[in-house]
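**Q** Before we start, here is the structure in question, set down as structure tokens.
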Amino acid sequence: MAWNIPGKKNNGGSRGSDRNPWKPGGSGRGGGGGGAFDGLLDSLRGLFGGGGGGPLRWIGIALVIWLAFSSFTLIGEQQRGVVLRFGQAVRVMQPGPHFKAPWPIERVVKVNATSIRTFSNTVPVLTRDENIVVVSLNVQYRVGDPELFLFGTRDAARVLEQVAQGVVREQVGRSDLDTVLGARGPLSALAAKQLQDSLDIYRTGLIVTELNLQDARPPEEVKPAFDAVNSAQQVQESLVNEARAYAARIVPEARGEAARTRTVAEGYKTATIARATGDAARFSLLLDEYRNAPEVTRKRLWLETVQQVLAGNRKVIGGDGRQLIYVPMTGQGRSGSGGDANNNNPPVLPAEVLSPTVDATRDEPGRSQRTPRPTRGEGGTR
């Protein structure tokens with residue numbers, strides 16, 4: 001520009017100096033001063049060789065601004081920044097502001113490392129007992145190592161999908177159908193552990209947070225047959241449970257009845273032995289008494305025997321000498337030839353024996369001279 005010719009005094013008395021836009025000024029708005037902004041422009045003008053340079057000066061300013069913005073990067077809260085120096089990973093930036101070498105020396109690849117990613121799929125699997133089931137799996141994972149996630153494998157997410165399907169097929173293939181349908185929790189835990197080990201071996205940088213086997217069902221082509229088998233198994237389980245309940249109820253009752261019978265038998269045994277021992281002792285005492293007083297002992301035994309017999313017989317009461325009244329005792333009116341074993345009743349005799357026709361007015365000569373009834377004892381008859 002004409003007003004900024006090297007070698008001339010821009011602030012002198014020439015007329016061209018009046019056209020200089022970069023006038024030195026004071027600190028206020030008046031007087032043509034630009035304040036701090038003018039001072040900054042003066043510094044930049046001095047940096048790029050005074051007032052000369054033209055477009056190069058603005059190119060330099062733009063370059064400085066570009067370098068400043070290229071060297072600064074901001075990493076979000078959910079992100080991690082992988083710094084590449086000439087294409088090689090050198091460090092990982094944590095959330096916050098950071099500085100780096102300008103491009104193309106260094107560049108930053110930002111990876112979302114905290115968000116949970118999901119993979120779901122349905123795969124047909126053959127169980128150990130040769131049944132085909134359709135298993136629905138759901139995998140939740142996140143990025144644990146951003147550097148391995150970017151450069152450990154070609155496609156970490158694709159590797160996880162393939163490995164997850166293979167792990168589920170392996171775990172289900174080692175189990176039978178009942179386990180797959182009713183106990184998928186342990187299978188899910190084993191599959192998650194094996195999946196994480198495989199991802200670590202393949203250097204994917206991923207961390208499995210959860211693996212669920214949400215559903216397992218037979219294919220639609222065999223679903224009616226499968227439902228029939230399942231219904232039969234439920235009926236079988238119901239019958240088995242009923243049988244176990246019956247056994248749990250009847251076995252204690254049988255054991256209690258057996259214990260009661262055993263106790264009764266032991267009591268009967270003890271009572272019978274005690275009775276037999278007492279009868280033997282009584283017979284020994286009676287024998288001693290009979291040897292000391294035969295007549296008295298014989299008479300006492302005869303009276304006791306008659307009393308015992310009459311106490312157990314039916315009663316016949318005579319009236320005016322022509323009519324007999326038969327009075328059966330309690331428990332003695334039943335018919336039959338045998339007696340009651342519990343009540344020690346004698347056999348039931350015919351009516352003509354129980355109620356014979358007797359003439360009470362007939363005088364029996366020599367009635368007082370009847371032969372006495374025999375009694376128990378050594379003497380036989382009296």
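The chains in the structure tokens are called A, B, ... from first to last as shown; in each chain the residues are counted from 1, and the ligands are counted from 1 in the order shown.
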Could you tell me, as number ranges by chain, which residues of range 97-293 of chain A DSSP assigns to strand (DSSP E or B) when given the backbone?
**A** A: 97-99, 106-112, 117-126, 132-143, 206-217
**Q** Restricting it to N, CA and C atoms, dump the selection as a short mmCIF file (atom, residue, chain, number, x, y, z; two decimals), in the first residue's frame.
**A**
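Generated output (selection.cif):
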data_model
loop_
_atom_site.label_atom_id
_atom_site.label_comp_id
_atom_site.auth_asym_id
_atom_site.auth_seq_id
_atom_site.Cartn_x
_atom_site.Cartn_y
_atom_site.Cartn_z
N PRO A 97 -10.72 -32.05 28.59
CA PRO A 97 -9.93 -31.36 27.54
C PRO A 97 -8.50 -31.90 27.49
N HIS A 98 -7.97 -32.00 26.28
CA HIS A 98 -6.62 -32.51 26.09
C HIS A 98 -5.97 -31.77 24.92
N PHE A 99 -4.62 -31.80 24.93
CA PHE A 99 -3.84 -31.26 23.82
C PHE A 99 -3.04 -32.38 23.19
N GLU A 106 -0.69 -36.25 14.81
CA GLU A 106 -1.55 -37.04 15.70
C GLU A 106 -3.01 -36.75 15.39
N ARG A 107 -3.80 -37.74 15.54
CA ARG A 107 -5.25 -37.57 15.45
C ARG A 107 -5.92 -38.46 16.51
N VAL A 108 -7.13 -38.13 16.85
CA VAL A 108 -7.86 -38.81 17.93
C VAL A 108 -9.09 -39.50 17.36
N VAL A 109 -9.26 -40.79 17.74
CA VAL A 109 -10.46 -41.55 17.39
C VAL A 109 -11.27 -41.73 18.68
N LYS A 110 -12.47 -41.20 18.71
CA LYS A 110 -13.31 -41.25 19.91
C LYS A 110 -14.19 -42.51 19.86
N VAL A 111 -14.24 -43.20 21.01
CA VAL A 111 -15.01 -44.44 21.13
C VAL A 111 -15.97 -44.30 22.30
N ASN A 112 -17.24 -44.65 22.08
CA ASN A 112 -18.23 -44.64 23.17
C ASN A 112 -18.00 -45.90 24.02
N ARG A 117 -24.33 -52.03 24.75
CA ARG A 117 -24.76 -52.46 23.43
C ARG A 117 -25.43 -53.82 23.55
N THR A 118 -26.31 -54.15 22.62
CA THR A 118 -27.14 -55.35 22.70
C THR A 118 -27.06 -56.12 21.39
N PHE A 119 -27.03 -57.44 21.56
CA PHE A 119 -27.11 -58.34 20.41
C PHE A 119 -28.12 -59.43 20.73
N SER A 120 -29.11 -59.62 19.86
CA SER A 120 -30.15 -60.63 20.05
C SER A 120 -30.26 -61.46 18.77
N ASN A 121 -30.56 -62.75 18.99
CA ASN A 121 -30.71 -63.64 17.83
C ASN A 121 -31.45 -64.90 18.28
N THR A 122 -31.98 -65.63 17.33
CA THR A 122 -32.67 -66.90 17.56
C THR A 122 -32.00 -67.96 16.71
N VAL A 123 -31.53 -69.03 17.36
CA VAL A 123 -30.78 -70.07 16.65
C VAL A 123 -31.37 -71.43 16.97
N PRO A 124 -31.46 -72.35 15.99
CA PRO A 124 -31.85 -73.74 16.27
C PRO A 124 -30.66 -74.52 16.79
N VAL A 125 -30.88 -75.31 17.83
CA VAL A 125 -29.80 -76.03 18.50
C VAL A 125 -30.23 -77.48 18.71
N LEU A 126 -29.30 -78.41 18.57
CA LEU A 126 -29.53 -79.82 18.83
C LEU A 126 -29.04 -80.15 20.24
N ILE A 132 -34.32 -81.04 18.79
CA ILE A 132 -34.05 -79.72 18.24
C ILE A 132 -34.93 -78.70 18.95
N VAL A 133 -34.29 -77.66 19.45
CA VAL A 133 -35.01 -76.56 20.10
C VAL A 133 -34.53 -75.25 19.49
N VAL A 134 -35.41 -74.27 19.49
CA VAL A 134 -35.09 -72.93 19.00
C VAL A 134 -34.85 -72.05 20.22
N VAL A 135 -33.62 -71.56 20.35
CA VAL A 135 -33.20 -70.81 21.53
C VAL A 135 -33.05 -69.34 21.16
N SER A 136 -33.64 -68.47 21.97
CA SER A 136 -33.51 -67.02 21.80
C SER A 136 -32.48 -66.50 22.80
N LEU A 137 -31.42 -65.89 22.30
CA LEU A 137 -30.35 -65.39 23.16
C LEU A 137 -30.28 -63.87 23.08
N ASN A 138 -29.84 -63.26 24.17
CA ASN A 138 -29.68 -61.81 24.26
C ASN A 138 -28.37 -61.53 24.99
N VAL A 139 -27.47 -60.78 24.35
CA VAL A 139 -26.16 -60.45 24.91
C VAL A 139 -26.06 -58.95 25.06
N GLN A 140 -25.66 -58.50 26.24
CA GLN A 140 -25.41 -57.09 26.52
C GLN A 140 -23.93 -56.93 26.85
N TYR A 141 -23.29 -55.97 26.19
CA TYR A 141 -21.85 -55.80 26.34
C TYR A 141 -21.49 -54.33 26.20
N ARG A 142 -20.25 -54.01 26.54
CA ARG A 142 -19.71 -52.65 26.41
C ARG A 142 -18.24 -52.75 26.04
N VAL A 143 -17.67 -51.61 25.70
CA VAL A 143 -16.26 -51.55 25.31
C VAL A 143 -15.42 -51.38 26.58
N LEU A 206 -13.93 -56.15 24.39
CA LEU A 206 -15.32 -56.07 24.82
C LEU A 206 -15.50 -56.78 26.15
N ILE A 207 -16.45 -56.31 26.93
CA ILE A 207 -16.80 -56.91 28.22
C ILE A 207 -18.28 -57.28 28.19
N VAL A 208 -18.58 -58.55 28.45
CA VAL A 208 -19.97 -59.03 28.47
C VAL A 208 -20.57 -58.72 29.84
N THR A 209 -21.60 -57.93 29.85
CA THR A 209 -22.28 -57.60 31.11
C THR A 209 -23.41 -58.56 31.45
N GLU A 210 -24.04 -59.15 30.44
CA GLU A 210 -25.15 -60.09 30.71
C GLU A 210 -25.42 -60.92 29.47
N LEU A 211 -25.73 -62.21 29.70
CA LEU A 211 -26.15 -63.11 28.63
C LEU A 211 -27.35 -63.89 29.12
N ASN A 212 -28.44 -63.82 28.39
CA ASN A 212 -29.69 -64.49 28.78
C ASN A 212 -30.16 -65.39 27.65
N LEU A 213 -30.60 -66.59 28.06
CA LEU A 213 -31.33 -67.48 27.14
C LEU A 213 -32.81 -67.26 27.43
N GLN A 214 -33.40 -66.33 26.70
CA GLN A 214 -34.74 -65.85 27.05
C GLN A 214 -35.82 -66.89 26.80
N ASP A 215 -35.68 -67.70 25.79
CA ASP A 215 -36.76 -68.62 25.44
C ASP A 215 -36.16 -69.85 24.76
N ALA A 216 -36.82 -70.98 24.96
CA ALA A 216 -36.44 -72.22 24.29
C ALA A 216 -37.74 -72.96 23.96
N ARG A 217 -37.95 -73.24 22.71
CA ARG A 217 -39.19 -73.88 22.27
C ARG A 217 -38.87 -74.82 21.11
#
**Q** DSSP says helix (DSSP H, G or I) for which residues of range 86-299 of chain A? Put them as an NGL selection string?
**A** :A and (146-151 or 156-173 or 177-182 or 184-201 or 220-292 or 294-299)
**Q** So, with only C-alpha atoms as the atoms that count, which of A:Phe149, A:Leu177, A:Gln196, A:Arg203 lies closest to Val229 in chain A?
**A** A:Leu177
**Q** So which residues touch Ala191 in chain A within 7 Å, counting only C-alpha atoms, skipping near sequence neighbours fewer than 6 positions away, as a ChimeraX atom specification?
**A** /A:167-168,171
**Q** Residues near Tyr290 in chain A, anyone? I mean within 12 Å using only C-alpha atoms, not counting same-chain ones fewer than 2 positions away, as a list in words.
**A**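 Final neighbour list, sorted by chain and number: Phe283, Ser284, Leu285, Leu286, Leu287, Asp288, Asn292, Ala293, Pro294, Glu295, Val296, Thr297, Arg298, Lys299, Arg300, Leu301, Arg376, Gly377, Glu378 and Gly379 of chain A.
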**Q** Next, the residues of the selection above should be written as a short mmCIF file (atom, residue, chain, number, x, y, z; two decimals), in the first residue's frame with N, CA and C atoms.
**A**
data_model
loop_
_atom_site.label_atom_id
_atom_site.label_comp_id
_atom_site.auth_asym_id
_atom_site.auth_seq_id
_atom_site.Cartn_x
_atom_site.Cartn_y
_atom_site.Cartn_z
N PHE A 283 -51.32 -123.34 92.36
CA PHE A 283 -51.48 -124.80 92.43
C PHE A 283 -50.52 -125.41 93.46
N SER A 284 -49.30 -124.85 93.52
CA SER A 284 -48.35 -125.37 94.52
C SER A 284 -48.86 -125.09 95.93
N LEU A 285 -49.43 -123.90 96.16
CA LEU A 285 -49.98 -123.60 97.48
C LEU A 285 -51.17 -124.48 97.83
N LEU A 286 -52.06 -124.70 96.80
CA LEU A 286 -53.21 -125.58 97.05
C LEU A 286 -52.77 -127.00 97.36
N LEU A 287 -51.72 -127.43 96.70
CA LEU A 287 -51.22 -128.79 96.96
C LEU A 287 -50.70 -128.91 98.38
N ASP A 288 -50.01 -127.83 98.80
CA ASP A 288 -49.54 -127.89 100.20
C ASP A 288 -50.71 -127.88 101.18
N ASN A 292 -52.02 -130.83 103.91
CA ASN A 292 -52.23 -130.57 105.34
C ASN A 292 -53.66 -130.85 105.78
N ALA A 293 -54.67 -130.47 104.94
CA ALA A 293 -56.08 -130.66 105.30
C ALA A 293 -56.83 -131.11 104.06
N PRO A 294 -56.86 -132.35 103.75
CA PRO A 294 -57.49 -132.82 102.50
C PRO A 294 -58.97 -132.54 102.43
N GLU A 295 -59.72 -132.85 103.49
CA GLU A 295 -61.17 -132.71 103.44
C GLU A 295 -61.59 -131.25 103.28
N VAL A 296 -60.98 -130.39 104.05
CA VAL A 296 -61.34 -128.97 103.98
C VAL A 296 -60.97 -128.38 102.62
N THR A 297 -59.83 -128.74 102.15
CA THR A 297 -59.40 -128.21 100.85
C THR A 297 -60.26 -128.72 99.71
N ARG A 298 -60.64 -130.02 99.79
CA ARG A 298 -61.50 -130.59 98.76
C ARG A 298 -62.86 -129.89 98.73
N LYS A 299 -63.42 -129.66 99.89
CA LYS A 299 -64.74 -128.99 99.94
C LYS A 299 -64.66 -127.55 99.42
N ARG A 300 -63.60 -126.87 99.79
CA ARG A 300 -63.46 -125.48 99.33
C ARG A 300 -63.29 -125.44 97.81
N LEU A 301 -62.54 -126.35 97.27
CA LEU A 301 -62.37 -126.40 95.82
C LEU A 301 -63.68 -126.72 95.13
N ARG A 376 -62.83 -131.53 92.47
CA ARG A 376 -61.42 -131.62 92.09
C ARG A 376 -60.56 -131.98 93.28
N GLY A 377 -59.58 -132.69 93.05
CA GLY A 377 -58.63 -133.07 94.10
C GLY A 377 -58.06 -134.44 93.84
N GLU A 378 -57.26 -134.88 94.76
CA GLU A 378 -56.64 -136.18 94.58
C GLU A 378 -57.61 -137.33 94.76
N GLY A 379 -58.65 -137.12 95.59
CA GLY A 379 -59.54 -138.22 95.89
C GLY A 379 -60.48 -138.59 94.77
#
**Q** Identify which of the residues A:Ser175, A:Leu181, A:Glu170, A:Ala228 lies closest to Gln194 in chain A, counting only C-alpha atoms when measuring atom-to-atom distances.
**A**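 The answer is A:Glu170, which sits nearest to Gln194 in chain A.
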